[in-house]
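Worksheet: one structure, shown below.
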Amino acid sequence: MKEENPQQSKRKFFELGIKFGLLATAGTVIASKAMEGEPSGEMVELMSTDGHLVKVPASEVKEHSLKTKDYDPREGFPGKKFVMVVDLAKCKNALRCQNACNKGHYITGENAWLKVYKMQESEKEAPYFMPTQCQHCDKPPCVKVCPVDATFKRRDGIVLIDNERCIGCRFCMAACPYSIRVFNWQEPKQDKALLKTEEYTPDYCGQPSVKGTVDKCDFCPHQIVKGELPFCVKACPNDVFAFGDMYEDAVTNGSGETFKLSKLLKDRAGHRLMESLGTQPSVYYLPPVDRLQDFEEGLDNYNEFESVHKDA
């Protein structure tokens, strides 16, 4: 299901094929026009709500933004449930995901929100690389323990931190079973000239980190609101990540490939981390089978990254 034009495949994921809900409304008319053979220029593929792909004239797909005038950053996007799929078989430890996340969120030093770990269950089993970030749990223990409501879960499933409320107690870090949160022990070494000046909101990345507060992956709501994929999804050269809306049963990767979520998880034996804890994460992992390259090739990137951060 790749796009014919590789540059066009980097399109905004709500603008074209993954503009969830489009086919459930005006898309029915658009799809019927396309199937009637109406002449048009460039054609794009959209996934209908029943999981079928239809070709639609690109000219018929309008610019879209989820943000409305009554949008509340603590409530999120109503009628959405955002999920991510991580294909462990495709990870070569390129670290483009981490670099893009760091740049997009103005993160410096060792406080990366997305980390890639070398994994090996035993010496007799094959090793692999595993990207790990906030799991955006449906039942997040971090939210329950926060005494000031700084950590909260939105209606669309995204878990965020309001740094203006955070008091640095780190209860959330202790409660998180995935150890993905980071604490700003020092003043961030960020180039303030690069930072944006808009008013701070919990879902906006253009502000510097604050000493004495907690940070973590935010699923890039500031990208979603523009109809774009999270930074890590767009940056990965191997399409390790796919992102989308569970209610629409569709996810897309950085190359513009669209997948029916339920079928992908069933066919590839998708699973979530520490299912027995009952946290119900929104991040699904596909097992590292039929890997794209030898593990040792990616290990060079891993060792280089570790050396740089030890010297930092």
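Going through the structure tokens in order, the chains are called A, B, and so on, while each chain numbers its residues from 1 and the ligands are numbered from 1 in the order shown.
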Give me the residues of segment 200-305 of chain A that have any atom at most 6 Å from an atom of segment 73-97 of chain A; for each, the nearest atom pair and the distance in Å, rounded to one decimal. Use only C-alpha atoms, sort by chain and number, and format it as JSON lines.
```
{"residue": "A:Asp203", "atom": "CA", "partner": "A:Pro73", "partner_atom": "CA", "distance": 6.0}
{"residue": "A:Cys232", "atom": "CA", "partner": "A:Cys97", "partner_atom": "CA", "distance": 4.1}
{"residue": "A:Ala235", "atom": "CA", "partner": "A:Cys97", "partner_atom": "CA", "distance": 5.5}
{"residue": "A:Cys236", "atom": "CA", "partner": "A:Cys97", "partner_atom": "CA", "distance": 5.4}
{"residue": "A:Val240", "atom": "CA", "partner": "A:Asp87", "partner_atom": "CA", "distance": 4.9}
{"residue": "A:Phe241", "atom": "CA", "partner": "A:Val86", "partner_atom": "CA", "distance": 4.8}
{"residue": "A:Ala242", "atom": "CA", "partner": "A:Val85", "partner_atom": "CA", "distance": 5.1}
{"residue": "A:Phe243", "atom": "CA", "partner": "A:Met84", "partner_atom": "CA", "distance": 4.5}
{"residue": "A:Gly244", "atom": "CA", "partner": "A:Val83", "partner_atom": "CA", "distance": 5.6}
{"residue": "A:Asp245", "atom": "CA", "partner": "A:Phe82", "partner_atom": "CA", "distance": 4.6}
{"residue": "A:Met246", "atom": "CA", "partner": "A:Lys81", "partner_atom": "CA", "distance": 5.4}
{"residue": "A:Ser282", "atom": "CA", "partner": "A:Val83", "partner_atom": "CA", "distance": 4.9}
{"residue": "A:Val283", "atom": "CA", "partner": "A:Met84", "partner_atom": "CA", "distance": 4.8}
{"residue": "A:Tyr284", "atom": "CA", "partner": "A:Val85", "partner_atom": "CA", "distance": 4.7}
{"residue": "A:Tyr285", "atom": "CA", "partner": "A:Val86", "partner_atom": "CA", "distance": 4.8}
{"residue": "A:Leu286", "atom": "CA", "partner": "A:Asp87", "partner_atom": "CA", "distance": 4.7}
{"residue": "A:Pro287", "atom": "CA", "partner": "A:Leu88", "partner_atom": "CA", "distance": 5.7}
{"residue": "A:Pro288", "atom": "CA", "partner": "A:Ala89", "partner_atom": "CA", "distance": 3.8}
{"residue": "A:Val289", "atom": "CA", "partner": "A:Ala89", "partner_atom": "CA", "distance": 5.4}
{"residue": "A:Arg291", "atom": "CA", "partner": "A:Ala89", "partner_atom": "CA", "distance": 4.4}
{"residue": "A:Leu292", "atom": "CA", "partner": "A:Lys90", "partner_atom": "CA", "distance": 5.8}
{"residue": "A:Gly298", "atom": "CA", "partner": "A:Lys92", "partner_atom": "CA", "distance": 5.0}
```
Restricting the output to N, CA, C and O atoms, write the selected residues as a compact mmCIF listing (two decimals), in the first residue's frame.
```
# COMPACT_ATOMS: atom_id res chain seq x y z
N ASP A 203 0.14 20.52 26.21
CA ASP A 203 0.29 19.74 24.99
C ASP A 203 1.18 20.42 23.96
O ASP A 203 1.18 20.06 22.80
N CYS A 232 8.82 10.82 15.93
CA CYS A 232 9.52 9.55 15.80
C CYS A 232 9.00 8.74 14.61
O CYS A 232 9.77 8.08 13.91
N ALA A 235 10.33 10.27 11.33
CA ALA A 235 11.78 10.26 11.15
C ALA A 235 12.36 8.88 10.90
O ALA A 235 13.43 8.76 10.29
N CYS A 236 11.70 7.84 11.36
CA CYS A 236 12.27 6.49 11.27
C CYS A 236 12.42 6.07 9.81
O CYS A 236 11.44 6.01 9.07
N VAL A 240 9.58 1.63 11.63
CA VAL A 240 9.39 0.87 12.86
C VAL A 240 8.07 1.24 13.53
O VAL A 240 7.39 0.39 14.09
N PHE A 241 7.70 2.52 13.45
CA PHE A 241 6.53 3.02 14.17
C PHE A 241 5.33 3.23 13.24
O PHE A 241 5.49 3.64 12.08
N ALA A 242 4.16 2.96 13.76
CA ALA A 242 2.92 3.31 13.08
C ALA A 242 2.01 3.94 14.12
O ALA A 242 2.00 3.53 15.29
N PHE A 243 1.22 4.92 13.71
CA PHE A 243 0.40 5.70 14.66
C PHE A 243 -0.98 5.90 14.08
O PHE A 243 -1.14 6.04 12.86
N GLY A 244 -1.98 5.90 14.95
CA GLY A 244 -3.33 6.13 14.45
C GLY A 244 -4.38 6.13 15.54
O GLY A 244 -4.09 6.34 16.72
N ASP A 245 -5.61 5.91 15.12
CA ASP A 245 -6.79 6.00 15.98
C ASP A 245 -7.41 4.62 16.12
O ASP A 245 -7.84 4.01 15.13
N MET A 246 -7.46 4.11 17.34
CA MET A 246 -8.02 2.78 17.57
C MET A 246 -9.48 2.71 17.18
O MET A 246 -9.96 1.68 16.67
N SER A 282 -1.29 1.96 25.49
CA SER A 282 -1.74 2.30 24.14
C SER A 282 -0.64 2.07 23.11
O SER A 282 -0.79 2.45 21.95
N VAL A 283 0.46 1.46 23.52
CA VAL A 283 1.56 1.12 22.63
C VAL A 283 1.61 -0.39 22.48
O VAL A 283 1.65 -1.12 23.47
N TYR A 284 1.59 -0.85 21.23
CA TYR A 284 1.63 -2.29 20.92
C TYR A 284 2.95 -2.62 20.25
O TYR A 284 3.47 -1.84 19.45
N TYR A 285 3.48 -3.80 20.55
CA TYR A 285 4.73 -4.25 19.97
C TYR A 285 4.50 -5.48 19.10
O TYR A 285 3.75 -6.39 19.47
N LEU A 286 5.16 -5.48 17.94
CA LEU A 286 5.17 -6.65 17.07
C LEU A 286 6.50 -7.36 17.30
O LEU A 286 7.55 -6.72 17.34
N PRO A 287 6.50 -8.68 17.47
CA PRO A 287 7.73 -9.41 17.84
C PRO A 287 8.83 -9.31 16.80
O PRO A 287 8.55 -9.12 15.60
N PRO A 288 10.09 -9.44 17.23
CA PRO A 288 11.25 -9.25 16.34
C PRO A 288 11.57 -10.48 15.50
O PRO A 288 12.65 -11.08 15.63
N VAL A 289 10.66 -10.88 14.65
CA VAL A 289 10.89 -12.03 13.77
C VAL A 289 11.18 -11.53 12.36
O VAL A 289 10.73 -10.46 11.95
N ARG A 291 13.96 -10.34 10.99
CA ARG A 291 14.56 -9.01 11.09
C ARG A 291 15.23 -8.59 9.78
O ARG A 291 15.68 -9.43 9.00
N LEU A 292 15.33 -7.29 9.59
CA LEU A 292 15.81 -6.75 8.33
C LEU A 292 17.31 -6.87 8.14
O LEU A 292 17.81 -6.85 7.03
N GLY A 298 23.51 -2.95 13.61
CA GLY A 298 22.88 -1.90 14.40
C GLY A 298 23.63 -1.63 15.70
O GLY A 298 23.53 -0.55 16.26
```
query = Suppose you want the space between atom CA of Asn102 of chain A and atom CA of Gly270 of chain A; what is it in Å?
reply =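 Between these atoms lies a distance of 27.3 Å.
Take atom CA of Arg154 of chain A and atom CA of Leu264 of chain A: the distance between them is 25.7 Å.
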task = From the DSSP assignment of the backbone, select every residue of segment 106-216 of chain A that is alpha helix (DSSP H), and format the answer as a list in words.
result = Pro141, Cys142, Val143, Lys144, Val145, Phe171, Cys172, Met173, Ala174 and Ala175 of chain A
Give me a file of those residues, with N, CA, C and O atoms, as a compact mmCIF listing (two decimals), in the first residue's frame.
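Full text of selection_20.txt as output:
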```
# COMPACT_ATOMS: atom_id res chain seq x y z
N PRO A 141 -1.02 4.38 36.40
CA PRO A 141 -0.76 4.55 37.83
C PRO A 141 -0.14 5.89 38.16
O PRO A 141 -0.30 6.39 39.27
N CYS A 142 0.55 6.50 37.20
CA CYS A 142 1.18 7.79 37.45
C CYS A 142 0.15 8.87 37.75
O CYS A 142 0.39 9.78 38.55
N VAL A 143 -1.00 8.78 37.10
CA VAL A 143 -2.06 9.78 37.31
C VAL A 143 -2.64 9.66 38.71
O VAL A 143 -2.92 10.68 39.38
N LYS A 144 -2.78 8.44 39.18
CA LYS A 144 -3.40 8.21 40.49
C LYS A 144 -2.57 8.77 41.63
O LYS A 144 -3.11 9.22 42.64
N VAL A 145 -1.24 8.75 41.48
CA VAL A 145 -0.39 9.14 42.61
C VAL A 145 -0.01 10.61 42.61
O VAL A 145 0.52 11.12 43.60
N PHE A 171 6.58 11.16 42.54
CA PHE A 171 5.70 10.02 42.83
C PHE A 171 5.34 9.28 41.54
O PHE A 171 5.23 8.06 41.52
N CYS A 172 5.14 10.05 40.48
CA CYS A 172 4.76 9.45 39.20
C CYS A 172 5.87 8.55 38.67
O CYS A 172 5.60 7.50 38.08
N MET A 173 7.12 8.95 38.87
CA MET A 173 8.24 8.15 38.42
C MET A 173 8.31 6.83 39.18
O MET A 173 8.62 5.78 38.61
N ALA A 174 8.01 6.89 40.46
CA ALA A 174 8.00 5.66 41.27
C ALA A 174 6.85 4.75 40.88
O ALA A 174 6.98 3.52 40.94
N ALA A 175 5.74 5.33 40.48
CA ALA A 175 4.56 4.53 40.17
C ALA A 175 4.62 3.91 38.77
O ALA A 175 4.00 2.87 38.54
```
Nearest candidate to Ala126 of chain A (options A:Glu110, A:Asp290, A:Cys220, A:Cys166; using only C-alpha atoms) = A:Asp290
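The closest residue to Gly109 of chain A, picked from A:Ser262, A:Asn184, A:Ser255, A:Thr201 and counting only C-alpha atoms, is A:Asn184.
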key: Residue nearest Gln133 of chain A among A:Cys217, A:Val182, A:Ala112, A:Met43 (counting only C-alpha atoms)   = A:Cys217
Distance query segment 113-117 of chain A at most 7 Å, only C-alpha atoms, self and fewer than 4 positions along chain excluded, as a CSV table (one decimal) with N, CA and C atoms, in the first residue's frame:
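Output file selection-v3.csv follows:
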```csv
chain,number,residue,atom,x,y,z
A,98,GLN,N,14.9,9.0,18.0
A,98,GLN,CA,15.3,9.7,19.2
A,98,GLN,C,15.8,11.1,18.9
A,129,PHE,N,16.7,-4.8,19.1
A,129,PHE,CA,16.6,-3.5,19.7
A,129,PHE,C,15.1,-3.2,19.9
A,130,MET,N,14.9,-2.5,21.0
A,130,MET,CA,13.5,-2.2,21.5
A,130,MET,C,13.4,-0.7,21.8
A,131,PRO,N,12.7,0.1,20.9
A,131,PRO,CA,12.4,1.5,21.3
A,131,PRO,C,11.3,1.5,22.4
A,132,THR,N,11.5,2.3,23.4
A,132,THR,CA,10.6,2.4,24.5
A,132,THR,C,10.3,3.9,24.9
A,133,GLN,N,9.1,4.2,25.0
A,133,GLN,CA,8.6,5.5,25.4
A,133,GLN,C,7.4,5.4,26.3
A,216,LYS,N,8.4,13.5,29.8
A,216,LYS,CA,8.2,12.2,29.2
A,216,LYS,C,7.6,12.4,27.8
A,217,CYS,N,7.5,11.3,27.1
A,217,CYS,CA,6.9,11.3,25.7
A,217,CYS,C,5.5,11.7,25.9
```
